[in-house]
$ cat work-v7.csv   # CSV, C-alpha atoms
chain,number,residue,atom,x,y,z
A,759,MET,CA,-0.3,23.3,-3.4
A,760,GLU,CA,0.7,26.4,-1.5
A,761,GLU,CA,2.1,27.1,2.0
A,762,ARG,CA,-1.0,28.3,3.9
A,763,LYS,CA,-2.8,27.7,7.2
A,764,LEU,CA,-5.8,25.4,7.2
A,765,THR,CA,-9.0,25.0,9.1
A,766,GLU,CA,-9.3,21.8,11.1
A,767,LYS,CA,-11.8,20.4,8.6
A,768,GLU,CA,-9.5,21.2,5.7
A,769,SER,CA,-6.6,19.5,7.5
A,770,LEU,CA,-8.6,16.3,7.9
A,771,GLU,CA,-9.6,16.4,4.2
A,772,LEU,CA,-6.1,16.9,3.1
A,773,ILE,CA,-4.8,14.0,5.2
A,774,THR,CA,-7.5,11.8,3.7
A,775,SER,CA,-6.7,12.9,0.2
A,776,MET,CA,-3.0,12.3,0.6
A,777,ILE,CA,-3.5,8.8,2.0
A,778,ALA,CA,-5.8,8.0,-0.9
A,779,ARG,CA,-3.1,9.1,-3.4
A,780,THR,CA,-0.5,6.9,-1.9
A,781,LYS,CA,-2.4,3.8,-0.8
A,782,ALA,CA,-3.1,2.5,-4.3
A,783,ARG,CA,-2.0,-1.1,-4.3
A,784,TYR,CA,1.3,-1.2,-6.2
A,785,LEU,CA,2.2,-4.6,-7.6
A,786,GLY,CA,5.4,-3.6,-9.3
A,787,SER,CA,6.3,-4.7,-12.7
A,788,GLY,CA,6.9,-8.4,-13.5
A,789,ASN,CA,10.2,-7.8,-15.3
A,790,ILE,CA,12.4,-9.2,-12.5
A,791,LEU,CA,10.3,-12.4,-12.3
A,792,LEU,CA,10.3,-12.7,-16.1
A,793,MET,CA,14.1,-12.3,-16.2
A,794,TRP,CA,14.5,-15.2,-13.7
A,795,GLY,CA,11.9,-17.2,-15.4
A,796,TYR,CA,13.4,-17.0,-18.9
A,797,LEU,CA,16.9,-17.3,-17.6
A,798,GLY,CA,15.9,-20.5,-15.7
A,799,VAL,CA,14.1,-22.0,-18.8
A,800,ILE,CA,17.1,-21.2,-21.1
A,801,VAL,CA,19.7,-22.6,-18.7
A,802,SER,CA,17.6,-25.7,-17.9
A,803,ALA,CA,16.9,-26.4,-21.6
A,804,LEU,CA,20.6,-26.0,-22.4
A,805,VAL,CA,21.7,-28.3,-19.5
A,806,TRP,CA,19.0,-30.8,-20.6
A,807,ILE,CA,20.2,-30.9,-24.2
A,808,LEU,CA,23.9,-31.1,-23.3
A,809,LEU,CA,23.3,-33.9,-20.7
A,810,VAL,CA,21.2,-36.0,-23.1
A,811,THR,CA,23.5,-35.5,-26.1
A,812,THR,CA,27.0,-35.7,-24.5
A,813,ARG,CA,26.2,-37.8,-21.3
A,814,GLN,CA,28.7,-35.8,-19.4
A,815,ASN,CA,27.8,-34.5,-15.9
A,816,ILE,CA,30.2,-31.6,-16.2
A,817,TRP,CA,27.4,-29.6,-17.9
A,818,ASN,CA,25.6,-29.4,-14.5
A,819,GLY,CA,28.1,-26.6,-13.8
A,820,LEU,CA,26.0,-24.5,-16.0
A,821,TRP,CA,23.4,-24.3,-13.3
A,822,PHE,CA,25.6,-21.6,-11.6
A,823,ALA,CA,24.8,-19.4,-14.6
A,824,ILE,CA,21.3,-18.8,-13.1
A,825,PRO,CA,22.5,-17.0,-9.9
A,826,LEU,CA,25.6,-15.5,-11.4
A,827,ILE,CA,23.6,-13.8,-14.1
A,828,GLY,CA,20.3,-13.4,-12.2
A,829,MET,CA,21.5,-11.8,-9.0
A,830,PRO,CA,23.4,-8.8,-10.5
A,831,LEU,CA,20.6,-8.2,-13.0
A,832,THR,CA,18.1,-8.2,-10.2
A,833,MET,CA,20.0,-5.6,-8.3
A,834,ILE,CA,20.2,-3.3,-11.4
A,835,MET,CA,16.5,-3.8,-12.3
A,836,ALA,CA,15.3,-3.3,-8.7
A,837,ARG,CA,17.2,-0.1,-8.4
A,838,ARG,CA,15.8,1.2,-11.7
A,839,GLU,CA,12.3,0.2,-10.7
A,840,HIS,CA,12.6,2.0,-7.4
A,841,ARG,CA,14.0,5.1,-9.0
A,842,GLU,CA,11.2,5.2,-11.6
A,843,ARG,CA,8.5,4.8,-9.0
A,844,GLY,CA,9.9,7.3,-6.5
A,845,ALA,CA,8.6,5.7,-3.3
A,846,LEU,CA,9.2,2.5,-1.3
A,847,THR,CA,6.3,1.0,0.7
A,848,TYR,CA,6.5,-1.3,3.7
A,849,SER,CA,5.4,-4.3,1.6
A,850,ASP,CA,8.2,-3.5,-1.0
A,851,LYS,CA,10.7,-3.6,1.8
A,852,ILE,CA,9.4,-6.9,3.3
A,853,THR,CA,9.3,-8.7,-0.1
A,854,SER,CA,12.7,-7.5,-1.0
A,855,ARG,CA,14.1,-8.7,2.3
A,856,LEU,CA,12.4,-12.1,1.9
A,857,TRP,CA,14.1,-12.6,-1.5
A,858,THR,CA,17.4,-11.4,-0.1
A,859,ILE,CA,17.2,-14.0,2.7
A,860,PHE,CA,16.4,-16.7,0.0
A,861,SER,CA,19.4,-15.6,-2.1
A,862,LEU,CA,21.9,-15.4,0.8
A,863,SER,CA,20.8,-18.9,2.0
A,864,GLU,CA,21.3,-20.3,-1.5
A,865,ILE,CA,24.9,-18.9,-1.5
A,866,VAL,CA,25.6,-20.4,2.0
A,867,LEU,CA,24.2,-23.8,0.8
A,868,ALA,CA,26.2,-23.7,-2.4
A,869,ILE,CA,29.4,-23.1,-0.3
A,870,ILE,CA,28.5,-26.1,2.0
A,871,CYS,CA,27.8,-28.3,-1.0
A,872,LEU,CA,31.1,-27.2,-2.6
A,873,GLY,CA,32.9,-28.0,0.7
A,874,PHE,CA,31.4,-31.5,0.8
A,875,ALA,CA,32.5,-32.1,-2.9
A,876,VAL,CA,36.0,-30.7,-2.5
A,877,LEU,CA,36.9,-32.0,1.0
A,878,GLY,CA,34.9,-35.3,1.2
A,879,GLY,CA,34.3,-36.1,-2.5
A,880,ILE,CA,30.6,-36.3,-1.6
A,881,ASN,CA,28.1,-35.2,-4.3
A,882,CYS,CA,25.2,-33.5,-2.5
A,883,TRP,CA,24.3,-30.9,-5.1
A,884,ALA,CA,20.8,-32.4,-5.2
A,885,ALA,CA,20.3,-30.6,-1.9
A,886,MET,CA,20.5,-27.3,-3.7
A,887,LEU,CA,17.8,-28.4,-6.2
A,888,VAL,CA,15.4,-29.5,-3.5
A,889,TYR,CA,16.1,-26.4,-1.3
A,890,SER,CA,15.5,-24.1,-4.3
A,891,LEU,CA,12.3,-25.8,-5.2
A,892,LEU,CA,11.0,-25.5,-1.7
A,893,LEU,CA,12.1,-22.1,-0.5
A,894,ALA,CA,11.7,-20.1,-3.8
A,895,PRO,CA,8.0,-21.2,-4.1
A,896,GLY,CA,7.6,-20.5,-0.3
A,897,THR,CA,9.0,-17.0,-0.7
A,898,GLU,CA,6.8,-16.4,-3.8
A,899,ILE,CA,3.7,-17.5,-1.9
A,900,ALA,CA,4.6,-15.1,0.9
A,901,GLN,CA,5.1,-12.3,-1.6
A,902,GLY,CA,1.7,-13.1,-3.2
A,903,LEU,CA,0.0,-12.9,0.2
A,904,ILE,CA,1.7,-9.6,1.1
A,905,VAL,CA,0.8,-7.9,-2.2
A,906,ARG,CA,-2.5,-9.7,-2.6
A,907,GLU,CA,-1.7,-11.2,-6.0
A,908,LYS,CA,-3.2,-14.6,-6.7
A,909,SER,CA,-0.9,-15.4,-9.7
A,910,LEU,CA,2.1,-15.3,-7.4
A,911,THR,CA,0.4,-17.5,-4.7
A,912,ALA,CA,-0.8,-20.0,-7.4
A,913,GLY,CA,2.6,-20.1,-9.2
A,914,GLY,CA,4.3,-20.6,-5.8
A,915,THR,CA,1.9,-23.4,-4.9
A,916,ILE,CA,2.6,-25.3,-8.1
A,917,GLY,CA,6.4,-24.8,-7.6
A,918,LEU,CA,6.0,-26.1,-4.0
A,919,ALA,CA,4.2,-29.2,-5.2
A,920,ILE,CA,7.1,-29.9,-7.6
A,921,GLY,CA,9.5,-29.2,-4.7
A,922,PHE,CA,7.7,-31.8,-2.6
A,923,LEU,CA,7.9,-34.4,-5.4
A,924,THR,CA,11.6,-33.7,-5.9
A,925,LEU,CA,12.2,-34.0,-2.1
A,926,CYS,CA,10.4,-37.4,-1.9
A,927,CYS,CA,12.3,-38.7,-5.0
A,928,THR,CA,15.6,-37.6,-3.5
A,929,MET,CA,14.9,-39.0,-0.1
A,930,GLY,CA,13.5,-42.2,-1.7
A,931,GLY,CA,16.5,-42.7,-3.9
A,932,ILE,CA,14.6,-42.3,-7.2
A,933,PRO,CA,17.1,-40.8,-9.7
A,934,LEU,CA,16.0,-37.4,-11.1
A,935,GLY,CA,16.3,-38.5,-14.8
A,936,ALA,CA,16.9,-35.7,-17.3
A,937,ASN,CA,14.1,-37.0,-19.5
A,938,TRP,CA,11.3,-36.5,-17.0
A,939,PHE,CA,12.8,-34.1,-14.4
A,940,MET,CA,14.1,-31.4,-16.7
A,941,PRO,CA,10.8,-30.8,-18.4
A,942,LEU,CA,9.2,-30.6,-15.0
A,943,PHE,CA,11.9,-28.2,-13.8
A,944,ILE,CA,11.2,-26.0,-16.8
A,945,PHE,CA,7.5,-26.2,-16.1
A,946,ALA,CA,8.2,-25.0,-12.5
A,947,PHE,CA,10.0,-21.9,-13.9
A,948,VAL,CA,7.1,-21.2,-16.3
A,949,ALA,CA,4.4,-21.6,-13.6
A,950,MET,CA,6.3,-19.7,-10.9
A,951,MET,CA,8.0,-16.9,-12.8
A,952,ILE,CA,6.9,-16.5,-16.4
A,953,ILE,CA,3.1,-16.7,-16.1
A,954,PRO,CA,2.9,-14.4,-12.9
A,955,GLY,CA,5.5,-12.1,-14.5
A,956,HIS,CA,3.4,-11.5,-17.6
A,957,ILE,CA,0.2,-11.1,-15.4
A,958,LEU,CA,2.0,-8.5,-13.3
A,959,ASN,CA,3.2,-6.6,-16.3
A,960,ASN,CA,-0.3,-6.6,-17.7
A,961,LYS,CA,-1.7,-5.3,-14.5
A,962,ALA,CA,1.0,-2.7,-14.2
A,963,LYS,CA,0.2,-1.4,-17.7
A,964,HIS,CA,-3.4,-0.9,-16.7
A,965,GLN,CA,-2.5,0.8,-13.4
A,966,LYS,CA,-0.7,3.6,-15.3
B,502,MET,CA,-8.1,21.7,24.3
B,503,LYS,CA,-4.6,20.9,23.0
B,504,GLU,CA,-3.2,23.4,20.5
B,505,LEU,CA,-2.6,22.2,17.0
B,506,ASN,CA,1.1,21.8,16.2
B,507,PRO,CA,1.9,24.9,14.1
B,508,LEU,CA,4.6,23.1,12.2
B,509,LEU,CA,2.1,20.5,10.9
B,510,HIS,CA,-0.9,22.9,10.6
B,511,SER,CA,0.1,24.1,7.2
B,512,GLN,CA,-1.0,22.7,3.9
B,513,LEU,CA,2.1,21.6,2.2
B,514,ARG,CA,3.9,20.3,5.3
B,515,LEU,CA,0.9,18.4,6.4
B,516,ALA,CA,0.5,16.9,2.9
B,517,VAL,CA,4.2,15.7,3.0
B,518,MET,CA,3.8,14.2,6.4
B,519,SER,CA,0.6,12.4,5.4
B,520,ILE,CA,2.4,10.8,2.5
B,521,LEU,CA,5.5,9.9,4.5
B,522,MET,CA,3.3,8.2,7.1
B,523,ASN,CA,2.2,5.8,4.4
B,524,VAL,CA,5.5,4.9,2.7
B,525,GLU,CA,8.9,3.8,4.0
B,526,GLU,CA,10.7,6.3,1.8
B,527,ALA,CA,9.7,8.8,-1.0
B,528,ASP,CA,11.9,10.8,-3.2
B,529,PHE,CA,11.6,14.6,-4.0
B,530,VAL,CA,10.0,14.1,-7.4
B,531,TYR,CA,7.4,11.7,-6.0
B,532,LEU,CA,6.5,14.2,-3.2
B,533,LYS,CA,6.3,17.1,-5.7
B,534,GLU,CA,4.0,15.1,-8.0
B,535,LYS,CA,1.7,13.9,-5.2
B,536,THR,CA,1.4,17.3,-3.5
B,537,GLU,CA,1.3,19.2,-6.8
B,538,SER,CA,3.7,21.8,-5.4
B,539,THR,CA,6.6,23.7,-6.8
B,540,ALA,CA,10.1,22.5,-6.3
B,541,GLY,CA,11.2,25.7,-4.5
B,542,ASN,CA,8.3,25.7,-2.1
B,543,LEU,CA,8.6,21.9,-1.4
B,544,SER,CA,12.3,22.3,-0.8
B,545,VAL,CA,11.7,25.0,1.8
B,546,GLN,CA,9.1,23.0,3.6
B,547,LEU,CA,11.2,19.8,3.6
B,548,ASP,CA,14.0,21.8,5.3
B,549,LYS,CA,11.6,23.0,8.0
B,550,LEU,CA,10.4,19.5,8.7
B,551,ALA,CA,13.9,18.2,8.7
B,552,SER,CA,15.1,20.9,11.1
B,553,ALA,CA,12.4,20.0,13.5
B,554,GLY,CA,13.6,16.3,13.3
B,555,TYR,CA,10.2,15.2,11.8
B,556,ILE,CA,11.7,13.8,8.6
B,557,SER,CA,15.2,12.6,7.5
B,558,VAL,CA,16.4,13.7,4.2
B,559,GLU,CA,19.2,11.8,2.4
B,560,LYS,CA,20.8,13.4,-0.6
B,561,GLY,CA,22.6,11.1,-3.0
B,562,MET,CA,23.0,10.0,-6.6
B,563,SER,CA,20.8,7.6,-8.5
B,564,GLY,CA,22.8,6.7,-11.6
B,565,LYS,CA,23.9,10.0,-13.0
B,566,ARG,CA,21.0,11.9,-11.5
B,567,PRO,CA,20.8,13.5,-8.0
B,568,ARG,CA,18.2,12.0,-5.7
B,569,THR,CA,16.7,13.3,-2.5
B,570,ALA,CA,15.0,10.6,-0.4
B,571,CYS,CA,12.8,11.5,2.5
B,572,SER,CA,11.4,9.3,5.3
B,573,ILE,CA,9.5,10.1,8.5
B,574,THR,CA,11.3,9.8,11.8
B,575,GLU,CA,9.9,8.4,15.1
B,576,LEU,CA,9.6,12.0,16.4
B,577,GLY,CA,7.7,12.9,13.2
B,578,ARG,CA,5.4,9.9,13.5
B,579,THR,CA,4.5,10.8,17.1
B,580,ALA,CA,4.0,14.5,16.2
B,581,PHE,CA,1.6,13.5,13.4
B,582,GLU,CA,-0.4,11.1,15.6
B,583,GLU,CA,-0.7,13.8,18.3
B,584,TYR,CA,-1.8,16.3,15.6
B,585,VAL,CA,-4.5,13.9,14.3
B,586,ASP,CA,-5.7,13.3,18.0
B,587,SER,CA,-5.9,17.1,18.5
B,588,LEU,CA,-7.8,17.4,15.2
B,589,ARG,CA,-10.3,14.8,16.4
B,590,SER,CA,-10.9,16.7,19.6
B,591,TYR,CA,-11.4,20.0,17.7
B,592,LEU,CA,-13.9,18.4,15.4
B,593,ASN,CA,-15.5,16.3,18.2
B,594,LEU,CA,-14.9,13.1,16.3
$ encode --input "work-v7.csv" --output "structure tokens"
Amino acid sequence: MEERKLTEKESLELITSMIARTKARYLGSGNILLMWGYLGVIVSALVWILLVTTRQNIWNGLWFAIPLIGMPLTMIMARREHRERGALTYSDKITSRLWTIFSLSEIVLAIICLGFAVLGGINCWAAMLVYSLLLAPGTEIAQGLIVREKSLTAGGTIGLAIGFLTLCCTMGGIPLGANWFMPLFIFAFVAMMIIPGHILNNKAKHQK
Amino acid sequence: MKELNPLLHSQLRLAVMSILMNVEEADFVYLKEKTESTAGNLSVQLDKLASAGYISVEKGMSGKRPRTACSITELGRTAFEEYVDSLRSYLNL
């Protein structure tokens, strides 16, 4: 393209052509979702095995490995993805902010739960589990609607259903037994992160 | 009939503005690919648009590589919309 004057008709054609070049629906790769998904499955399986074999609640501390590993990795991966793509759309910005709000609220809730545990000796860590299983699927459904990707909406809906079940069990005083709840939790990660992540990667491969 | 903005009524500058109207931010390499222009020419036109206050250009580093990120300003958005309105009246659309 050169620097030259245009006729009015050529101007209109150029604007139309540039809009067409940039408006292609960009889903992004599913690598970040896959990272969270596999990290969640590995940590959940590890906690499950250790709880069942040793019967010591201390292993629940391993749950913190998910945000401690996942959050820095997400920042690195998102930066690299943005650099490779070269442009940031409005929907990228909105979905990124939605997940940032979710992450920050998780940190605040973790601090509150820690405060309850340290100051009052009250164990309310289940609140984090319920909150994660309600807000993460909600955020994923929102992302799916924004980028018009059904696998995200469907995965989020399954996660939300598991979240509602967890909420009702917690409120109803039904213990979240490792034998039935942990497989369900792992299934939530598979449905919400791993399956949509592979679908997104597959679509991204065909977009290139 | 309103005169077409001379700053936008040029091929490469109009192409850049059309792209930036559609994205929040685009880097130099992305703009170069989409407009199929040369680095030197694009750089000159970006400077002209930035001097007019139509775009903001941020130079920084991305990892070990230099990165130039461009985004449209409110002034640029308004100028582009006025330009399109003028085009419509010229073409009786």
$ closest_residue --input "work-v7.csv" --among "A:Leu892, A:Met886, A:Thr774, A:Arg841" --to "Ser563 (chain B)" --atoms "all atoms listed in the file"
A:Arg841
$ residues_near_point --input "work-v7.csv" --point "(16.1, -27.2, -6.3)" --cutoff "10 Å" --atoms "all atoms listed in the file" --output "PyMOL selection string"
chain A and resi 864+883-894+920-921+924-925+943
$ residues_around --input "work-v7.csv" --residues "region 556-558 of chain B" --least-positions-apart "3" --cutoff "12 Å" --atoms "all atoms listed in the file" --output "number ranges by chain"
B: 509, 514-515, 517-522, 525-529, 544, 546-553, 561, 568-581
$ residues_around --input "work-v7.csv" --residues "region 948-959 of chain A" --least-positions-apart "3" --cutoff "10 Å" --atoms "only C-alpha atoms" --output "MDAnalysis selection string"
chainID A and resid 785:796 798:799 894:895 898:899 902 907:918 942:945 962:965
$ residues_around --input "work-v7.csv" --residues "Ser854 (chain A)" --least-positions-apart "5" --cutoff "12 Å" --atoms "only C-alpha atoms" --output "compact mmCIF listing (two decimals) with C-alpha atoms, keeping the file's coordinate frame"
# COMPACT_ATOMS: atom_id res chain seq x y z
CA GLY A 786 5.40 -3.60 -9.30
CA ILE A 790 12.40 -9.20 -12.50
CA THR A 832 18.10 -8.20 -10.20
CA MET A 833 20.00 -5.60 -8.30
CA ALA A 836 15.30 -3.30 -8.70
CA ARG A 837 17.20 -0.10 -8.40
CA HIS A 840 12.60 2.00 -7.40
CA LEU A 846 9.20 2.50 -1.30
CA THR A 847 6.30 1.00 0.70
CA TYR A 848 6.50 -1.30 3.70
CA SER A 849 5.40 -4.30 1.60
CA ILE A 859 17.20 -14.00 2.70
CA PHE A 860 16.40 -16.70 0.00
CA SER A 861 19.40 -15.60 -2.10
CA THR A 897 9.00 -17.00 -0.70
CA GLU A 898 6.80 -16.40 -3.80
CA ALA A 900 4.60 -15.10 0.90
CA GLN A 901 5.10 -12.30 -1.60
CA ILE A 904 1.70 -9.60 1.10
CA VAL A 905 0.80 -7.90 -2.20
$ closest_residue --input "work-v7.csv" --among "A:Leu867, A:Met835, A:Ile773, A:Ala919" --to "chain B" --atoms "all atoms listed in the file"
A:Ile773
$ atom_distance --input "work-v7.csv" --atom1 "CA of Met776 (chain A)" --atom2 "CA of Lys535 (chain B)"
7.6 Å
$ closest_residue --input "work-v7.csv" --among "A:Leu820, A:Ala845, A:Leu826, A:Val810" --to "chain B" --atoms "only C-alpha atoms"
A:Ala845
$ residues_around --input "work-v7.csv" --residues "Leu588 (chain B)" --least-positions-apart "6" --cutoff "8 Å" --atoms "all atoms listed in the file" --output "PyMOL selection string"
(chain A and resi 766+770) or (chain B and resi 505)
$ write_last_selection --input "work-v7.csv" --atoms "C-alpha atoms" --output "JSON list (two decimals), keeping the file's coordinate frame"
[["chain", "number", "residue", "atom", "x", "y", "z"],
["A", 766, "GLU", "CA", -9.30, 21.80, 11.10],
["A", 770, "LEU", "CA", -8.60, 16.30, 7.90],
["B", 505, "LEU", "CA", -2.60, 22.20, 17.00]]
$ atom_distance --input "work-v7.csv" --atom1 "CA of Tyr531 (chain B)" --atom2 "CA of Pro830 (chain A)"
26.4 Å
$ atom_distance --input "work-v7.csv" --atom1 "CA of Ala803 (chain A)" --atom2 "CA of Phe874 (chain A)"
27.2 Å
$ decode --input "work-v7.csv" --residues "region 512-539 of chain B" --atoms "N, CA and C atoms" --output "short mmCIF file (atom, residue, chain, number, x, y, z; two decimals), in the first residue's frame"
data_model
loop_
_atom_site.label_atom_id
_atom_site.label_comp_id
_atom_site.auth_asym_id
_atom_site.auth_seq_id
_atom_site.Cartn_x
_atom_site.Cartn_y
_atom_site.Cartn_z
N GLN B 512 -4.47 6.97 1.17
CA GLN B 512 -4.68 5.52 1.23
C GLN B 512 -4.21 4.86 2.54
N LEU B 513 -2.94 5.06 2.84
CA LEU B 513 -2.39 4.33 3.99
C LEU B 513 -2.93 4.86 5.32
N ARG B 514 -3.07 6.18 5.44
CA ARG B 514 -3.57 6.73 6.71
C ARG B 514 -5.02 6.31 6.93
N LEU B 515 -5.80 6.28 5.86
CA LEU B 515 -7.19 5.86 6.00
C LEU B 515 -7.27 4.38 6.38
N ALA B 516 -6.40 3.58 5.78
CA ALA B 516 -6.38 2.14 6.10
C ALA B 516 -6.06 1.92 7.58
N VAL B 517 -5.05 2.65 8.06
CA VAL B 517 -4.67 2.52 9.48
C VAL B 517 -5.83 2.93 10.39
N MET B 518 -6.46 4.05 10.06
CA MET B 518 -7.57 4.53 10.90
C MET B 518 -8.74 3.55 10.87
N SER B 519 -9.00 2.95 9.70
CA SER B 519 -10.11 1.98 9.60
C SER B 519 -9.85 0.77 10.49
N ILE B 520 -8.60 0.32 10.52
CA ILE B 520 -8.25 -0.82 11.38
C ILE B 520 -8.38 -0.44 12.85
N LEU B 521 -7.83 0.72 13.19
CA LEU B 521 -7.85 1.12 14.61
C LEU B 521 -9.26 1.43 15.12
N MET B 522 -10.18 1.71 14.20
CA MET B 522 -11.58 1.90 14.62
C MET B 522 -12.17 0.58 15.10
N ASN B 523 -11.60 -0.53 14.63
CA ASN B 523 -12.16 -1.86 14.93
C ASN B 523 -11.49 -2.61 16.06
N VAL B 524 -10.32 -2.15 16.48
CA VAL B 524 -9.62 -2.84 17.57
C VAL B 524 -9.27 -1.85 18.68
N GLU B 525 -9.06 -2.37 19.85
CA GLU B 525 -8.69 -1.50 20.97
C GLU B 525 -7.25 -1.01 20.81
N GLU B 526 -6.42 -1.91 20.28
CA GLU B 526 -4.98 -1.61 20.19
C GLU B 526 -4.37 -2.52 19.13
N ALA B 527 -3.45 -2.01 18.34
CA ALA B 527 -2.78 -2.85 17.35
C ALA B 527 -1.31 -2.49 17.33
N ASP B 528 -0.46 -3.50 17.17
CA ASP B 528 0.96 -3.15 17.13
C ASP B 528 1.43 -2.91 15.69
N PHE B 529 2.63 -2.38 15.57
CA PHE B 529 3.17 -1.94 14.29
C PHE B 529 3.19 -3.08 13.27
N VAL B 530 3.60 -4.26 13.72
CA VAL B 530 3.72 -5.41 12.81
C VAL B 530 2.35 -5.81 12.27
N TYR B 531 1.35 -5.79 13.14
CA TYR B 531 -0.03 -6.12 12.74
C TYR B 531 -0.52 -5.13 11.68
N LEU B 532 -0.29 -3.83 11.93
CA LEU B 532 -0.73 -2.81 10.97
C LEU B 532 0.00 -2.96 9.64
N LYS B 533 1.28 -3.29 9.72
CA LYS B 533 2.08 -3.44 8.50
C LYS B 533 1.54 -4.61 7.66
N GLU B 534 1.19 -5.70 8.36
CA GLU B 534 0.66 -6.88 7.65
C GLU B 534 -0.70 -6.60 7.02
N LYS B 535 -1.59 -5.99 7.81
CA LYS B 535 -2.96 -5.76 7.34
C LYS B 535 -3.01 -4.73 6.22
N THR B 536 -2.12 -3.73 6.27
CA THR B 536 -2.15 -2.68 5.24
C THR B 536 -1.23 -3.00 4.06
N GLU B 537 -0.43 -4.05 4.22
CA GLU B 537 0.54 -4.46 3.19
C GLU B 537 1.42 -3.28 2.79
N SER B 538 1.91 -2.57 3.79
CA SER B 538 2.75 -1.41 3.52
C SER B 538 4.20 -1.70 3.91
N THR B 539 5.07 -0.75 3.60
CA THR B 539 6.47 -0.91 4.03
C THR B 539 6.64 -0.27 5.40
#
